[in-house]
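Written below as structure tokens is the structure these notes are about.
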Amino acid sequence: MKFLPLGDREVSVIGLGCQQFGSPEWRWGPDQGEAAANQVVNRALDLGVNFFDTAEIYGNGRSEEILGSALRGRRKEAFVATKVSPVHGTRRGVADACERSLHRLGMDAVDLYQVHWPNRLMPLSWTMSGMRDLMHAEKAHNIGVSNFSLRLWRRAERELAAHVASNQVQLSLLERSPLGDVSEFAAQERRVVIAYSPLAQGLLAGRYDRQNRPVDFRAGKSQFSEESLARLHRLLGELRDLARSKGATPAQLALAWVLHIPNVIAIPGARTLQQIEENAAAADMQLTGDEWERLRELAEADAPPVQRSPLKRIVDRVMGW
């Protein structure tokens with residue numbers, strides 16, 4: 001396992017995203033409960049995976065409860081990150097939300113506390129004042145943001161008057177918008193980009209095509225439509241072929257593509273021991289620069305980035321996002 005510095009700790013470049021814990025949309029039911037989560041979390045720790053990411057909104061708090069229970073007895077081995085909902089973005093709201101999260105997790109402090117989304121209706125200064133209070137009270141060892149533009153990430157640092165250690169963003173072969181300013185800032189300033197949905201909700205795992213689409217909530221997602229799967233046929237085929245040549249799975253290759261970017265950790269989810277084992281092994285995969293660029297070029301051609309409208313760009317600039 002490889003590691004990156006985050007604050008005064010070393011975190012694994014492959015983490016475990018815990019959104020699926022307790023979330024019905026991921027078909028989490030009686031057959032996939034706390035016992036299964038406990039197995040996955042403990043196997044992750046055994047493999048050197050120490051970064052675990054959750055949020056107060058995941059499963060309406062159940063994800064935090066399940067993760068906290070699974071880590072009982074091994075808390076010191078783990079780096080635990082959770083997030084405050086943007087609706088709790090006042091100074092008092094941040095403090096109260098953190099206390100509730102700590103209670104659910106069964107912990108005295110969280111290693112990384114993140115603002116889940118920007119709230120355009122609430123001053124960022126309010127939110128970061130609450131975050132600063134948590135740092136001073138040693139309830140949160142590090143502060144991060146999520147889904148922030150570089151402009152807003154920098155603003156968060158000014159309001160916090162301290163380093164905002166990380167920015168958790170959607171980053172994968174199919175979602176490359178953080179490449180450039182966000183990833184370059186992290187590399188230059190010794191910050192960390194946390195890549196969520198690095199497998200595009202399983203699309204890059206190579207299991208789905210026009211004849212085999214997911215049957216859970218993802219069936220309604222645009223990237224799993226027949227049109228999208230047809231358009232991505234070439235990219236997914238190349239991903240499978242290159243993975244086969246390296247004795248790997250398409251999912252491992254897609255994770256390796258993300259990890260090729262400096263100062264990035266990836267937090268794929270896992271429901272089974274096989275998935276966490278495959279994810280962890282991806283940390284040791286190597287892509288050449290030519291291989292990384294070839295996959296990027298195919299993705300650019302088959303899945304071009306979504307363009308913001310001119311009006312949206314103007315509004316974002318005026319409001320500082």
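We name chains A, B, ... following the order of the structure tokens; residues begin at 1 in each chain, and ligands are numbered from 1 as shown.
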Which neighbours of stretch 271-281 of chain A fall inside 8 Å, counting only C-alpha atoms, when residues of the same chain fewer than 4 positions from it are skipped, and could you give them as a PyMOL selection string?
-> chain A and resi 1+14+16+20+36-37+39-40+43-44+47-49+251-252+255+285
If you count only C-alpha atoms, which residues fall within 10 Å of A:Leu298, apart from same-chain ones fewer than 2 positions away, as a VMD selection string?
-> chain A and resid 173 232 234 to 236 238 to 239 293 to 296 300 to 304
Those same residues - C-alpha atoms - I'd like them written as a PDB file, in the first residue's frame.
ATOM      1  CA  LEU A 173     -11.776   8.794 -16.353  1.00  0.00           C
ATOM      2  CA  LEU A 232     -18.362   4.408 -24.252  1.00  0.00           C
ATOM      3  CA  ARG A 234     -14.508   1.817 -27.327  1.00  0.00           C
ATOM      4  CA  LEU A 235     -13.146   3.276 -24.072  1.00  0.00           C
ATOM      5  CA  LEU A 236     -14.456   0.397 -21.979  1.00  0.00           C
ATOM      6  CA  GLU A 238      -9.597  -0.478 -24.342  1.00  0.00           C
ATOM      7  CA  LEU A 239      -9.770  -0.432 -20.551  1.00  0.00           C
ATOM      8  CA  GLU A 293      -2.574   9.748 -21.815  1.00  0.00           C
ATOM      9  CA  ARG A 294      -4.065   7.203 -24.224  1.00  0.00           C
ATOM     10  CA  LEU A 295      -6.942   6.505 -21.837  1.00  0.00           C
ATOM     11  CA  ARG A 296      -7.442  10.228 -21.253  1.00  0.00           C
ATOM     12  CA  GLU A 300     -12.070  13.007 -24.045  1.00  0.00           C
ATOM     13  CA  ALA A 301     -13.319  11.702 -27.375  1.00  0.00           C
ATOM     14  CA  ASP A 302     -16.022   9.363 -26.069  1.00  0.00           C
ATOM     15  CA  ALA A 303     -17.058  11.246 -22.913  1.00  0.00           C
ATOM     16  CA  PRO A 304     -16.295  14.943 -23.404  1.00  0.00           C
TER      17      PRO A 304
END
Residue neighbourhood stretch 116-120 of chain A, 10 Å, only C-alpha atoms, exclusion window fewer than 6 positions, as a list in words | Ala55, Glu56, Ile57, Thr82, Lys83, Val84, Ser85, Pro86, Val87, His88, Gly89, Thr127, Gly144, Val145, Ser146, Asn147, Phe148, Ser149, Leu152, Trp153, Asn167, Gln168, Val169, Met319, Gly320 and Trp321 of chain A
Take the residues from that selection and write them out as a PDB file, in the first residue's frame, keeping C-alpha atoms.
ATOM      1  CA  ALA A  55     -20.940  11.784   5.983  1.00  0.00           C
ATOM      2  CA  GLU A  56     -23.838  12.700   8.211  1.00  0.00           C
ATOM      3  CA  ILE A  57     -26.270  12.433   5.280  1.00  0.00           C
ATOM      4  CA  THR A  82     -16.827  12.678   7.733  1.00  0.00           C
ATOM      5  CA  LYS A  83     -18.756  15.671   6.396  1.00  0.00           C
ATOM      6  CA  VAL A  84     -21.153  18.330   7.572  1.00  0.00           C
ATOM      7  CA  SER A  85     -24.220  18.985   5.432  1.00  0.00           C
ATOM      8  CA  PRO A  86     -24.370  22.479   3.876  1.00  0.00           C
ATOM      9  CA  VAL A  87     -27.694  23.118   5.628  1.00  0.00           C
ATOM     10  CA  HIS A  88     -25.767  23.062   8.920  1.00  0.00           C
ATOM     11  CA  GLY A  89     -23.316  25.705   7.743  1.00  0.00           C
ATOM     12  CA  THR A 127     -19.063  27.757   8.217  1.00  0.00           C
ATOM     13  CA  GLY A 144     -11.384  19.759   4.389  1.00  0.00           C
ATOM     14  CA  VAL A 145     -13.935  20.754   1.795  1.00  0.00           C
ATOM     15  CA  SER A 146     -15.836  18.812  -0.820  1.00  0.00           C
ATOM     16  CA  ASN A 147     -17.147  19.763  -4.257  1.00  0.00           C
ATOM     17  CA  PHE A 148     -15.362  23.144  -4.073  1.00  0.00           C
ATOM     18  CA  SER A 149     -13.853  24.969  -7.017  1.00  0.00           C
ATOM     19  CA  LEU A 152     -13.733  28.621  -3.274  1.00  0.00           C
ATOM     20  CA  TRP A 153     -11.091  26.296  -1.808  1.00  0.00           C
ATOM     21  CA  ASN A 167     -10.854  18.866  -1.388  1.00  0.00           C
ATOM     22  CA  GLN A 168     -13.056  15.859  -2.107  1.00  0.00           C
ATOM     23  CA  VAL A 169     -14.256  15.963  -5.697  1.00  0.00           C
ATOM     24  CA  MET A 319     -20.500  34.794  -6.671  1.00  0.00           C
ATOM     25  CA  GLY A 320     -16.926  33.575  -6.307  1.00  0.00           C
ATOM     26  CA  TRP A 321     -17.549  29.888  -6.863  1.00  0.00           C
TER      27      TRP A 321
END
Quote the spacing between atom CA of A:Gly106 and atom CA of A:Cys18 in Å to one decimal place.
-> 16.0 Å
When DSSP works through the backbone of this structure, what residues of stretch 71-254 of chain A end up as helix (DSSP H, G or I), shown as number ranges by chain?
-> A: 75-77, 86-88, 91-105, 124-136, 150-160, 181-189, 203-205, 217-220, 222-224, 226-231, 233-245, 250-254
Just the residues within 7 Å of stretch 137-141 of chain A, please, counting only C-alpha atoms, with nothing from its chain fewer than 2 positions along; format it as number ranges by chain.
-> A: 108-113, 133-135, 143
Would you please extract all strand (DSSP E or B) residues from stretch 89-219 of chain A, as assigned by DSSP on the backbone, and give them as a list in words?
->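 Written out, the strand (DSSP E or B) residues of stretch 89-219 of chain A are Val110, Leu112, Tyr113, Gln114, Val115, Ala140, Ile143, Gly144, Val145, Ser146, Ser166, Asn167, Gln168, Val169, Gln170, Ser172, Glu175, Val192, Val193, Ile194, Ala195, Tyr196, Asp209 and Asn212 of chain A.
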Among the residues A:Pro198, A:Gly206, A:Gly180, A:Gly15, the one that comes closest to A:Thr249 [using only C-alpha atoms] = A:Gly206
Contacts of A:Thr90 at 9 Å or less, counting only C-alpha atoms, minus same-chain residues fewer than 3 places along, as an mmCIF file with C-alpha atoms, in the first residue's frame?
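To be explicit, this is the file written out as part-v7.cif:
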data_model
loop_
_atom_site.group_PDB
_atom_site.id
_atom_site.type_symbol
_atom_site.label_atom_id
_atom_site.label_comp_id
_atom_site.auth_asym_id
_atom_site.auth_seq_id
_atom_site.Cartn_x
_atom_site.Cartn_y
_atom_site.Cartn_z
ATOM 1 C CA PRO A 86 -24.370 22.479 3.876
ATOM 2 C CA VAL A 87 -27.694 23.118 5.628
ATOM 3 C CA GLY A 93 -24.770 24.397 13.177
ATOM 4 C CA VAL A 94 -21.287 23.074 12.389
ATOM 5 C CA ALA A 95 -20.554 22.492 16.071
ATOM 6 C CA MET A 122 -24.923 31.106 3.621
ATOM 7 C CA PRO A 123 -21.670 33.056 4.130
ATOM 8 C CA LEU A 124 -18.654 30.791 3.975
ATOM 9 C CA SER A 125 -17.191 32.739 6.900
ATOM 10 C CA TRP A 126 -19.904 31.311 9.175
ATOM 11 C CA THR A 127 -19.063 27.757 8.217
ATOM 12 C CA MET A 128 -15.311 28.151 8.522
ATOM 13 C CA SER A 129 -15.679 29.882 11.899
ATOM 14 C CA GLY A 130 -17.389 26.740 13.115
#
May I ask for the distance between atom CA of A:Ser166 and atom CA of A:Arg191, given in Å to one decimal place?
->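 Distance reported for this atom pair: 5.7 Å.
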Counting only C-alpha atoms, figure out which residue out of A:Arg176, A:Arg132, A:Arg240, A:Lys221 gets nearest to A:Glu159.
->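 Counting only C-alpha atoms, the residue closest to A:Glu159 is A:Arg132.
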How many Å lie between atom CA of A:Ser69 and atom CA of A:Asp46, rounded to one decimal?
-> 16.7 Å
Contacts of A:Gln170 within 9 Å, only C-alpha atoms, excl. fewer than 3 positions in-chain, as a list of chain:residue names |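 Within the cut-off, the hits are A:Asn147, A:Glu175, A:Arg176, A:Ser177, A:Pro178, A:Ile194, A:Ala195, A:Tyr196, A:Ser197, A:Pro198, A:Ala200.
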Using only C-alpha atoms, find the one residue out of A:Leu229, A:Ala270, A:Ala186, A:Ala282 that sits nearest to A:Val41.
-> A:Ala270
Contact residues around A:Leu287 with only C-alpha atoms at 9 Å, ignoring same-chain residues under 5 positions, as a PyMOL selection string = chain A and resi 253+256-257+260+292
